[in-house]
>>> print(open('start.txt').read())   # compact mmCIF, C-alpha atoms
# COMPACT_ATOMS: atom_id res chain seq x y z
CA MET A 90 100.89 74.04 119.37
CA LEU A 91 103.41 74.94 116.66
CA ILE A 92 102.93 78.53 115.53
CA GLY A 93 104.56 79.48 112.23
CA ILE A 94 105.32 83.18 111.76
CA ASP A 95 106.34 85.10 108.66
CA ALA A 96 109.29 86.95 110.23
CA SER A 97 110.67 88.34 106.97
CA ARG A 98 109.88 91.96 107.78
CA ALA A 99 111.35 91.82 111.27
CA THR A 100 114.90 91.63 109.91
CA VAL A 101 114.61 94.74 107.71
CA ARG A 102 117.38 97.11 108.78
CA LEU A 103 115.60 100.42 108.18
CA ARG A 104 112.30 99.62 109.87
CA THR A 105 109.15 101.68 109.54
CA GLY A 106 105.65 100.92 110.83
CA THR A 107 104.90 97.44 109.48
CA GLU A 108 108.46 96.18 110.01
CA GLY A 109 108.51 97.55 113.56
CA TYR A 110 105.17 95.92 114.28
CA SER A 111 106.46 92.57 113.00
CA LEU A 112 109.53 92.67 115.21
CA HIS A 113 107.74 93.76 118.38
CA ILE A 114 104.78 91.40 118.04
CA ILE A 115 107.12 88.45 117.40
CA ARG A 116 109.20 89.33 120.46
CA GLY A 117 106.01 89.76 122.48
CA LEU A 118 104.55 86.42 121.42
CA ILE A 119 107.73 84.53 122.26
CA ASN A 120 108.05 86.24 125.64
CA CYS A 121 104.41 85.83 126.68
CA THR A 122 104.24 82.02 126.59
CA SER A 123 106.37 78.91 126.95
CA GLU A 124 103.39 76.66 126.30
CA HIS A 125 103.65 76.85 122.51
CA ARG A 126 106.47 76.43 119.99
CA PHE A 127 107.36 79.03 117.37
CA ARG A 128 108.84 78.56 113.92
CA LEU A 129 110.12 81.83 112.43
CA TYR A 130 110.33 81.92 108.64
CA LEU A 131 113.07 84.37 107.65
CA ARG A 132 114.32 85.84 104.40
CA ASP A 133 117.83 86.19 105.81
CA GLU A 134 119.77 85.52 109.00
CA PRO A 135 118.71 87.89 111.81
CA GLU A 136 121.35 89.89 113.60
CA GLU A 137 122.33 88.53 116.99
CA GLY A 138 119.82 89.34 119.73
CA LEU A 139 117.13 90.57 117.35
CA VAL A 140 114.63 87.92 118.47
CA PRO A 141 114.69 85.90 121.71
CA GLN A 142 116.75 82.70 121.57
CA GLN A 143 114.70 80.13 123.47
CA PRO A 144 114.28 76.33 123.33
CA ASN A 145 110.73 76.70 121.96
CA VAL A 146 111.86 78.90 119.04
CA GLU A 147 113.30 77.66 115.76
CA GLN A 148 114.41 79.69 112.75
CA VAL A 149 113.97 78.65 109.14
CA VAL A 150 115.82 80.79 106.60
CA ILE A 151 114.28 80.63 103.12
CA ARG A 152 116.53 81.99 100.36
CA ARG A 153 114.52 83.46 97.51
CA ALA A 154 115.44 86.55 95.52
CA ARG A 155 111.96 87.37 94.20
CA LEU A 156 108.37 86.74 95.28
CA TRP A 157 109.63 85.36 98.57
CA THR A 158 106.17 85.04 100.10
CA HIS A 159 104.67 83.02 97.26
CA THR A 160 107.66 81.01 96.00
CA GLY A 161 109.49 80.53 99.31
CA LEU A 162 107.22 80.82 102.32
CA GLY A 163 104.19 79.16 100.72
CA PRO A 164 105.86 75.91 99.61
CA THR A 165 107.76 75.63 102.90
CA VAL A 166 104.60 76.01 104.99
CA ARG A 167 102.69 73.53 102.84
CA ARG A 168 105.53 71.00 103.09
CA GLU A 169 106.09 71.22 106.87
CA ARG A 170 102.80 72.41 108.25
CA PRO A 171 102.57 74.35 111.50
CA ASP A 172 99.32 74.27 113.46
CA VAL A 173 98.67 77.89 112.52
CA LEU A 174 100.44 80.44 110.30
CA PHE A 175 100.65 84.07 111.41
CA VAL A 176 101.51 86.73 108.84
CA PRO A 177 102.07 90.09 110.60
CA ALA A 178 101.40 91.98 107.36
CA HIS A 179 98.83 91.70 104.59
CA VAL A 180 100.05 88.86 102.34
CA ILE A 181 99.23 85.20 102.92
CA PRO A 182 101.06 83.02 100.37
CA TRP A 183 99.30 82.24 97.11
CA PRO A 184 98.18 79.66 96.26
CA GLY A 185 96.65 79.03 99.67
CA THR A 186 98.47 77.22 102.44
CA GLY A 187 96.19 74.22 102.18
CA ALA A 188 95.02 72.83 105.50
CA VAL A 189 97.12 75.28 107.54
CA PRO A 190 94.89 77.77 109.41
CA SER A 191 96.12 81.30 108.75
CA VAL A 192 95.85 84.67 110.48
CA PHE A 193 97.12 87.95 109.06
CA THR A 194 97.30 91.52 110.31
CA ALA A 195 95.65 94.26 108.27
CA HIS A 196 97.42 97.55 108.94
CA ASP A 197 96.01 100.00 106.46
CA LEU A 198 93.43 100.34 103.68
CA GLY A 199 94.41 103.89 102.82
CA TYR A 200 94.94 102.91 99.20
CA LEU A 201 91.15 102.62 98.89
CA HIS A 202 90.52 106.04 100.45
CA TYR A 203 93.29 107.85 98.57
CA PRO A 204 94.16 105.74 95.52
CA GLU A 205 95.91 108.65 93.82
CA LYS A 206 98.42 108.80 96.69
CA HIS A 207 99.83 105.36 95.84
CA PRO A 208 101.72 104.11 92.77
CA PHE A 209 99.34 102.34 90.38
CA PHE A 210 100.86 98.85 90.50
CA GLU A 211 101.46 99.04 94.25
CA ARG A 212 97.79 99.90 94.71
CA LEU A 213 96.70 96.95 92.57
CA TYR A 214 98.90 94.55 94.52
CA LEU A 215 97.77 95.90 97.89
CA ASP A 216 94.14 95.51 96.89
CA TRP A 217 94.57 92.00 95.48
CA SER A 218 96.72 90.72 98.34
CA THR A 219 94.47 92.11 101.07
CA ARG A 220 91.35 90.64 99.49
CA HIS A 221 93.11 87.31 98.88
CA SER A 222 94.43 87.13 102.43
CA ALA A 223 91.07 88.06 103.95
CA SER A 224 89.35 85.35 101.91
CA VAL A 225 91.69 82.51 102.97
CA ALA A 226 92.47 83.56 106.55
CA ARG A 227 90.46 82.09 109.38
CA ARG A 228 90.85 85.28 111.38
CA VAL A 229 91.97 88.81 110.49
CA ILE A 230 93.66 91.05 113.04
CA ALA A 231 92.91 94.75 112.55
CA VAL A 232 95.24 97.18 114.31
CA SER A 233 92.41 99.65 114.97
CA ASN A 234 88.64 99.91 114.93
CA ALA A 235 89.02 102.23 111.94
CA THR A 236 90.85 99.51 110.00
CA ALA A 237 88.27 96.93 111.08
CA HIS A 238 85.51 99.20 109.77
CA ASP A 239 87.30 99.53 106.43
CA LEU A 240 87.82 95.78 106.14
CA HIS A 241 84.12 95.21 106.63
CA THR A 242 82.63 98.09 104.63
CA LEU A 243 85.16 98.33 101.79
CA ASN A 244 86.36 94.73 101.46
CA GLY A 245 83.32 92.88 102.71
CA VAL A 246 85.14 90.93 105.41
CA PRO A 247 82.58 89.54 107.89
CA LEU A 248 82.79 91.19 111.30
CA SER A 249 82.80 87.71 112.84
CA LYS A 250 86.19 87.12 111.22
CA ILE A 251 87.85 90.34 112.45
CA ARG A 252 89.57 90.84 115.79
CA VAL A 253 90.83 94.29 116.79
CA VAL A 254 94.20 94.24 118.55
CA HIS A 255 95.81 97.61 119.16
CA SER A 256 99.57 97.68 118.69
CA GLY A 257 101.94 98.71 121.44
CA VAL A 258 104.68 101.28 121.76
CA ASP A 259 108.41 100.63 122.08
CA GLU A 260 109.05 100.32 125.83
CA THR A 261 112.62 101.57 125.43
CA LEU A 262 111.36 105.02 124.45
CA ALA A 263 111.31 107.63 127.21
CA PRO A 264 111.81 111.39 127.52
CA VAL A 265 115.44 112.36 127.08
CA ARG A 266 116.36 114.87 129.80
CA ASP A 267 120.02 115.07 128.82
CA LYS A 268 120.22 118.33 126.87
CA GLN A 269 123.74 117.53 125.68
CA ARG A 270 122.52 114.30 124.07
CA ILE A 271 119.75 116.20 122.27
CA GLU A 272 122.11 118.93 121.14
CA ALA A 273 124.63 116.38 119.87
CA LEU A 274 121.93 114.75 117.74
CA LYS A 275 120.74 118.11 116.46
CA GLN A 276 124.26 119.04 115.45
CA ARG A 277 124.69 115.71 113.67
CA LEU A 278 121.46 116.20 111.73
CA GLY A 279 122.08 119.87 110.98
CA ILE A 280 119.21 121.14 113.17
CA HIS A 281 120.31 124.56 114.41
CA GLY A 282 117.32 125.82 116.35
CA PRO A 283 113.92 124.86 117.79
CA TYR A 284 111.87 122.63 115.53
CA VAL A 285 108.51 121.17 114.60
CA LEU A 286 108.96 117.45 113.90
CA HIS A 287 107.49 114.84 111.59
CA VAL A 288 108.90 111.30 111.30
CA GLY A 289 107.93 108.98 108.46
CA SER A 290 108.51 108.15 104.82
CA LEU A 291 108.23 111.16 102.53
CA GLN A 292 105.22 110.25 100.39
CA PRO A 293 101.93 111.87 99.32
CA ARG A 294 99.74 110.11 101.90
CA LYS A 295 101.65 111.82 104.70
CA ASN A 296 100.25 115.21 103.57
CA LEU A 297 103.59 116.95 103.98
CA VAL A 298 103.01 119.64 101.35
CA ARG A 299 100.15 121.00 103.47
CA LEU A 300 102.31 120.73 106.59
CA ILE A 301 104.95 122.86 104.86
CA GLU A 302 102.28 125.43 104.00
CA ALA A 303 101.03 125.45 107.60
CA PHE A 304 104.58 125.82 108.89
CA ASP A 305 105.03 128.83 106.61
CA GLN A 306 102.19 130.52 108.52
CA VAL A 307 103.71 129.89 111.97
CA LYS A 308 107.44 130.00 111.30
CA ASP A 309 107.80 133.28 113.18
CA ALA A 310 105.87 132.13 116.26
CA VAL A 311 109.18 130.98 117.77
CA PRO A 312 112.45 132.69 116.79
CA GLY A 313 114.49 130.53 114.41
CA LEU A 314 111.82 127.83 114.19
CA LEU A 315 112.54 124.94 111.79
CA LEU A 316 110.46 122.14 110.32
CA VAL A 317 112.19 118.75 110.37
CA LEU A 318 110.80 116.05 108.07
CA ALA A 319 112.76 112.95 109.07
CA GLY A 320 112.38 109.84 106.94
CA ARG A 321 113.36 108.09 103.76
CA PRO A 322 112.28 109.63 100.44
CA GLY A 323 109.35 107.63 99.13
CA TRP A 324 107.22 107.74 96.04
CA ASN A 325 106.53 111.11 94.37
CA VAL A 326 108.65 113.21 96.72
CA GLN A 327 109.25 116.05 94.24
CA PRO A 328 106.18 118.13 95.25
CA ILE A 329 107.71 118.47 98.72
CA HIS A 330 110.89 119.99 97.30
CA ASP A 331 108.87 122.16 94.92
CA ARG A 332 106.76 123.62 97.74
CA ILE A 333 109.79 124.32 99.89
CA SER A 334 111.33 126.25 97.00
CA ALA A 335 108.14 128.08 96.07
CA LEU A 336 107.71 129.35 99.64
CA GLY A 337 111.39 130.24 100.00
CA LEU A 338 111.83 127.88 102.95
CA GLU A 339 115.21 126.45 102.04
CA GLY A 340 117.14 126.30 105.29
CA ARG A 341 113.94 126.39 107.34
CA VAL A 342 112.59 122.97 106.26
CA LEU A 343 115.15 120.22 106.83
CA LEU A 344 115.10 116.70 105.40
CA PRO A 345 117.74 114.73 107.33
CA GLY A 346 116.69 111.33 105.95
CA TYR A 347 116.06 108.16 107.90
CA VAL A 348 116.81 108.44 111.62
CA PRO A 349 117.81 105.16 113.37
CA ASP A 350 115.68 103.83 116.21
CA ASP A 351 118.41 104.58 118.76
CA ASP A 352 118.13 108.30 118.00
CA LEU A 353 114.35 108.59 117.95
CA ALA A 354 113.84 109.31 121.66
CA ALA A 355 116.24 112.26 121.54
CA LEU A 356 114.72 113.52 118.28
CA TYR A 357 111.18 113.40 119.70
CA SER A 358 112.23 114.86 123.04
CA GLY A 359 113.99 117.80 121.45
CA ALA A 360 111.00 118.92 119.37
CA GLU A 361 108.73 121.82 120.31
CA VAL A 362 105.77 119.92 118.88
CA TYR A 363 105.15 116.86 116.74
CA ALA A 364 102.94 117.36 113.68
CA PHE A 365 101.06 114.36 112.28
CA PRO A 366 98.91 115.60 109.37
CA SER A 367 98.56 112.26 107.55
CA LEU A 368 95.58 111.86 105.25
CA TYR A 369 95.10 108.28 106.45
CA GLU A 370 96.68 106.07 109.10
CA GLY A 371 95.68 102.51 109.92
CA PHE A 372 97.24 102.96 113.37
CA GLY A 373 99.84 105.73 113.66
CA PHE A 374 102.90 104.65 115.65
CA PRO A 375 104.52 108.13 115.74
CA ALA A 376 101.59 109.43 117.79
CA LEU A 377 102.32 106.92 120.55
CA GLU A 378 106.08 107.41 120.28
CA THR A 379 105.65 111.17 120.62
CA MET A 380 103.50 110.84 123.73
CA LYS A 381 105.93 108.32 125.23
CA CYS A 382 108.74 110.86 124.87
CA GLY A 383 106.79 113.72 126.45
CA THR A 384 106.35 115.91 123.37
CA PRO A 385 103.04 117.69 122.64
CA LEU A 386 101.18 116.43 119.61
CA VAL A 387 98.95 117.92 116.92
CA CYS A 388 97.43 115.53 114.42
CA ALA A 389 94.77 114.94 111.80
CA GLY A 390 91.38 114.12 113.25
CA THR A 391 90.59 111.36 110.77
CA SER A 392 91.05 107.60 110.22
CA SER A 393 92.48 105.83 113.28
CA LEU A 394 94.19 108.83 114.88
CA PRO A 395 91.34 110.06 117.14
CA GLU A 396 90.96 106.48 118.37
CA ILE A 397 94.67 106.32 119.24
CA VAL A 398 95.31 109.77 120.72
CA GLY A 399 92.05 110.31 122.60
CA ASN A 400 92.15 113.76 124.24
CA ALA A 401 95.96 113.90 124.28
CA ALA A 402 96.38 115.95 121.07
CA LEU A 403 94.99 118.93 119.23
CA THR A 404 93.32 117.70 116.04
CA PHE A 405 92.42 119.31 112.73
CA PRO A 406 90.99 118.27 109.34
CA PRO A 407 94.03 117.14 107.34
CA THR A 408 93.06 119.21 104.28
CA ASP A 409 92.63 122.41 106.34
CA VAL A 410 95.98 124.21 106.21
CA ASN A 411 94.71 127.11 108.33
CA GLY A 412 93.38 124.73 110.98
CA MET A 413 96.69 122.88 111.01
CA ALA A 414 98.57 126.15 111.39
CA GLU A 415 96.32 127.28 114.23
CA ALA A 416 96.87 124.02 116.11
CA LEU A 417 100.63 124.43 115.71
CA ARG A 418 100.50 128.07 116.80
CA ARG A 419 98.52 127.28 119.95
CA VAL A 420 100.96 124.62 121.09
CA LEU A 421 104.02 126.68 120.19
CA THR A 422 102.85 129.75 122.12
CA ASP A 423 100.87 128.38 125.09
CA PRO A 424 103.09 126.74 127.76
CA ALA A 425 100.09 125.65 129.86
CA LEU A 426 98.53 123.88 126.88
CA ARG A 427 101.82 122.20 126.09
CA ALA A 428 102.14 120.91 129.65
CA GLU A 429 98.55 119.63 129.65
CA LEU A 430 98.98 117.77 126.36
CA VAL A 431 102.18 116.17 127.64
CA ARG A 432 100.39 115.07 130.84
CA ARG A 433 97.49 113.59 128.90
CA GLY A 434 99.91 111.92 126.52
CA PHE A 435 101.72 110.10 129.31
CA GLU A 436 98.38 108.82 130.61
CA ARG A 437 97.12 107.80 127.17
CA VAL A 438 100.20 105.91 126.03
CA GLU A 439 100.01 103.59 129.06
CA GLN A 440 97.03 101.91 127.38
CA PHE A 441 99.17 100.57 124.52
CA THR A 442 101.70 97.85 125.37
CA TRP A 443 103.27 95.09 123.30
CA GLU A 444 102.68 92.63 126.13
CA GLN A 445 98.93 93.22 125.90
CA ALA A 446 99.02 93.13 122.09
CA ALA A 447 100.95 89.85 122.11
CA ARG A 448 98.58 88.13 124.53
CA GLN A 449 95.54 89.21 122.53
CA THR A 450 97.24 88.09 119.31
CA LEU A 451 98.05 84.71 120.82
CA ASP A 452 94.38 84.32 121.74
CA VAL A 453 93.45 84.94 118.10
CA LEU A 454 95.99 82.40 116.85
CA VAL A 455 94.72 79.74 119.24
CA GLU A 456 91.16 80.52 118.23
CA ALA A 457 92.01 80.17 114.52
CA ALA A 458 93.84 76.89 115.07
CA GLU A 459 90.88 75.39 116.89
CA LEU A 460 88.21 76.31 114.31
>>> encode(input="start.txt", output="structure tokens")
Amino acid sequence: MLIGIDASRATVRLRTGTEGYSLHIIRGLINCTSEHRFRLYLRDEPEEGLVPQQPNVEQVVIRRARLWTHTGLGPTVRRERPDVLFVPAHVIPWPGTGAVPSVFTAHDLGYLHYPEKHPFFERLYLDWSTRHSASVARRVIAVSNATAHDLHTLNGVPLSKIRVVHSGVDETLAPVRDKQRIEALKQRLGIHGPYVLHVGSLQPRKNLVRLIEAFDQVKDAVPGLLLVLAGRPGWNVQPIHDRISALGLEGRVLLPGYVPDDDLAALYSGAEVYAFPSLYEGFGFPALETMKCGTPLVCAGTSSLPEIVGNAALTFPPTDVNGMAEALRRVLTDPALRAELVRRGFERVEQFTWEQAARQTLDVLVEAAEL
């Protein structure tokens, strides 16, 4: 079988959740079978070694400046049809890909739960593209049961069409025991003390204003404690800066920007606790990454997060600043609790592997092709 894959997001240099998923699931699919052939549709040339170079893998670079999915990928797929098309994000080309069976991955319907937390036109496009893709796809992969529930109840996608495949966690992540490596990274990022960590784009859905308010309540629980919000500035970031100023937390709340993948293990490992207060997550990669690196976790008890973390984190309602602060305080001041959360985290994260995700995804692709 010839499996076509939209690999455009896998080559993005500054990868976040969806881009990381695309890269890892493509690598996993290629590595889990030699029975099928893969055709990767790319927006640009991948850097050397990014995806496996094997005889059953071909790369097709499609040069389009705008509307790449619809004006580049779509015509190419319709002209040289694979047996099935896999889109690891939410947009199947429009108009439809004709007789080519399609599968796409739905990551997140948070724009329906919190529409005000997304730019207006982005929200419209997300809604249209998800509904369009769900209508033309033969199967829809949901990255969590929470996302599957949303697809069915909010978008009307038949349950018979949805397959839940949990994502994996980067196998290269591990606790960093080398204190000099951690200190070198902290110096480079301007982190001069113990810290509470959050990693992700700075945007309203991440609920960072409330995290700043919770941090203000616990900042004296550990001498010199800092809050590190690592990630690219996103949409409507000004309220974050305004709250930092209003609470007089300049110098205590640090925004070092995007941190490369190679530095993440040390950044996670050096943190006192990871805080994940997001209003909505379709999956929540940082929760797994935190547990993989042996750092205790506190997180919102909504959307997909309870499903992902199990009993390996302290949870709180994301709109409850006092509850968030109490969870942080408990982990910061109770060594036994910290150790127990770390132990549970190591056990929990073993349930999420890219090998398992790839094999389950391949099963869905074969199923769609044979319908």
>>> closest_residue(input="start.txt", among="A:Pro385, A:Pro190, A:Pro264, A:Pro171", to="Leu91 (chain A)", atoms="all atoms listed in the file")
A:Pro171
>>> residues_around(input="start.txt", residues="Arg126 (chain A)", least_positions_apart="4", cutoff="10 Å", atoms="only C-alpha atoms", output="list in words")
Met90, Leu91, Ile92, Gly93, Ile119, Thr122, Gln143, Pro144, Asn145, Val146, Glu147, Pro171 and Asp172 of chain A
>>> write_last_selection(input="start.txt", atoms="C-alpha atoms", output="compact mmCIF listing (two decimals), in the frame of the given file")
# COMPACT_ATOMS: atom_id res chain seq x y z
CA MET A 90 100.89 74.04 119.37
CA LEU A 91 103.41 74.94 116.66
CA ILE A 92 102.93 78.53 115.53
CA GLY A 93 104.56 79.48 112.23
CA ILE A 119 107.73 84.53 122.26
CA THR A 122 104.24 82.02 126.59
CA GLN A 143 114.70 80.13 123.47
CA PRO A 144 114.28 76.33 123.33
CA ASN A 145 110.73 76.70 121.96
CA VAL A 146 111.86 78.90 119.04
CA GLU A 147 113.30 77.66 115.76
CA PRO A 171 102.57 74.35 111.50
CA ASP A 172 99.32 74.27 113.46
>>> closest_atom_pairs(input="start.txt", of="region 339-453 of chain A", to="region 291-298 of chain A", cutoff="6 Å", atoms="all atoms listed in the file", output="Markdown table")
| residue | atom | partner | partner_atom | distance |
| --- | --- | --- | --- | --- |
| A:Pro366 | CA | A:Asn296 | CA | 6.0 |
| A:Ser367 | CA | A:Lys295 | CA | 4.2 |
| A:Leu368 | CA | A:Arg294 | CA | 5.6 |
>>> atom_distance(input="start.txt", atom1="CA of Arg299 (chain A)", atom2="CA of Arg437 (chain A)")
27.3 Å
>>> residues_around(input="start.txt", residues="region 396-412 of chain A", least_positions_apart="4", cutoff="6 Å", atoms="all atoms listed in the file", output="JSON, numbers by chain")
{"A": [299, 303, 366, 368, 386, 387, 388, 389, 390, 430, 433, 434]}
>>> residues_around(input="start.txt", residues="Gly383 (chain A)", least_positions_apart="4", cutoff="8 Å", atoms="all atoms listed in the file", output="PyMOL selection string")
chain A and resi 263-264+358+379+431-432+434-435
>>> residues_around(input="start.txt", residues="His159 (chain A)", least_positions_apart="2", cutoff="8 Å", atoms="all atoms listed in the file", output="ChimeraX atom specification")
/A:156-157,161-164,182-184
>>> atom_distance(input="start.txt", atom1="CA of Gly279 (chain A)", atom2="CA of Asp351 (chain A)")
17.5 Å
>>> build_atoms(input="start.txt", residues="region 191-211 of chain A", atoms="N, CA and C atoms", output="mmCIF file, keeping the file's coordinate frame")
data_model
loop_
_atom_site.group_PDB
_atom_site.id
_atom_site.type_symbol
_atom_site.label_atom_id
_atom_site.label_comp_id
_atom_site.auth_asym_id
_atom_site.auth_seq_id
_atom_site.Cartn_x
_atom_site.Cartn_y
_atom_site.Cartn_z
ATOM 1 N N SER A 191 95.293 80.093 108.885
ATOM 2 C CA SER A 191 96.120 81.300 108.750
ATOM 3 C C SER A 191 95.444 82.501 109.403
ATOM 4 N N VAL A 192 96.282 83.381 109.916
ATOM 5 C CA VAL A 192 95.850 84.670 110.480
ATOM 6 C C VAL A 192 96.783 85.724 109.920
ATOM 7 N N PHE A 193 96.236 86.856 109.491
ATOM 8 C CA PHE A 193 97.120 87.950 109.060
ATOM 9 C C PHE A 193 96.666 89.249 109.709
ATOM 10 N N THR A 194 97.581 90.205 109.747
ATOM 11 C CA THR A 194 97.300 91.520 110.310
ATOM 12 C C THR A 194 97.082 92.520 109.195
ATOM 13 N N ALA A 195 95.939 93.175 109.217
ATOM 14 C CA ALA A 195 95.650 94.260 108.270
ATOM 15 C C ALA A 195 96.001 95.578 108.941
ATOM 16 N N HIS A 196 96.926 96.310 108.342
ATOM 17 C CA HIS A 196 97.420 97.550 108.940
ATOM 18 C C HIS A 196 96.731 98.789 108.375
ATOM 19 N N ASP A 197 96.307 98.730 107.125
ATOM 20 C CA ASP A 197 96.010 100.000 106.460
ATOM 21 C C ASP A 197 95.279 99.739 105.159
ATOM 22 N N LEU A 198 94.128 100.388 104.961
ATOM 23 C CA LEU A 198 93.430 100.340 103.680
ATOM 24 C C LEU A 198 93.358 101.735 103.064
ATOM 25 N N GLY A 199 94.377 102.524 103.341
ATOM 26 C CA GLY A 199 94.410 103.890 102.820
ATOM 27 C C GLY A 199 94.416 103.963 101.318
ATOM 28 N N TYR A 200 94.908 102.906 100.666
ATOM 29 C CA TYR A 200 94.940 102.910 99.200
ATOM 30 C C TYR A 200 93.545 102.917 98.594
ATOM 31 N N LEU A 201 92.525 102.536 99.380
ATOM 32 C CA LEU A 201 91.150 102.620 98.890
ATOM 33 C C LEU A 201 90.561 104.009 99.119
ATOM 34 N N HIS A 202 91.006 104.688 100.172
ATOM 35 C CA HIS A 202 90.520 106.040 100.450
ATOM 36 C C HIS A 202 91.206 107.078 99.565
ATOM 37 N N TYR A 203 92.503 106.894 99.348
ATOM 38 C CA TYR A 203 93.290 107.850 98.570
ATOM 39 C C TYR A 203 94.099 107.106 97.517
ATOM 40 N N PRO A 204 93.438 106.532 96.517
ATOM 41 C CA PRO A 204 94.160 105.740 95.520
ATOM 42 C C PRO A 204 95.214 106.532 94.763
ATOM 43 N N GLU A 205 94.967 107.830 94.577
ATOM 44 C CA GLU A 205 95.910 108.650 93.820
ATOM 45 C C GLU A 205 97.208 108.902 94.578
ATOM 46 N N LYS A 206 97.225 108.592 95.874
ATOM 47 C CA LYS A 206 98.420 108.800 96.690
ATOM 48 C C LYS A 206 99.332 107.581 96.710
ATOM 49 N N HIS A 207 99.026 106.575 95.902
ATOM 50 C CA HIS A 207 99.830 105.360 95.840
ATOM 51 C C HIS A 207 100.193 105.065 94.384
ATOM 52 N N PRO A 208 101.379 104.534 94.133
ATOM 53 C CA PRO A 208 101.720 104.110 92.770
ATOM 54 C C PRO A 208 100.709 103.089 92.266
ATOM 55 N N PHE A 209 100.420 103.134 90.969
ATOM 56 C CA PHE A 209 99.340 102.340 90.380
ATOM 57 C C PHE A 209 99.511 100.848 90.654
ATOM 58 N N PHE A 210 100.679 100.287 90.341
ATOM 59 C CA PHE A 210 100.860 98.850 90.500
ATOM 60 C C PHE A 210 100.935 98.442 91.972
ATOM 61 N N GLU A 211 101.466 99.319 92.816
ATOM 62 C CA GLU A 211 101.460 99.040 94.250
ATOM 63 C C GLU A 211 100.027 98.968 94.760
#
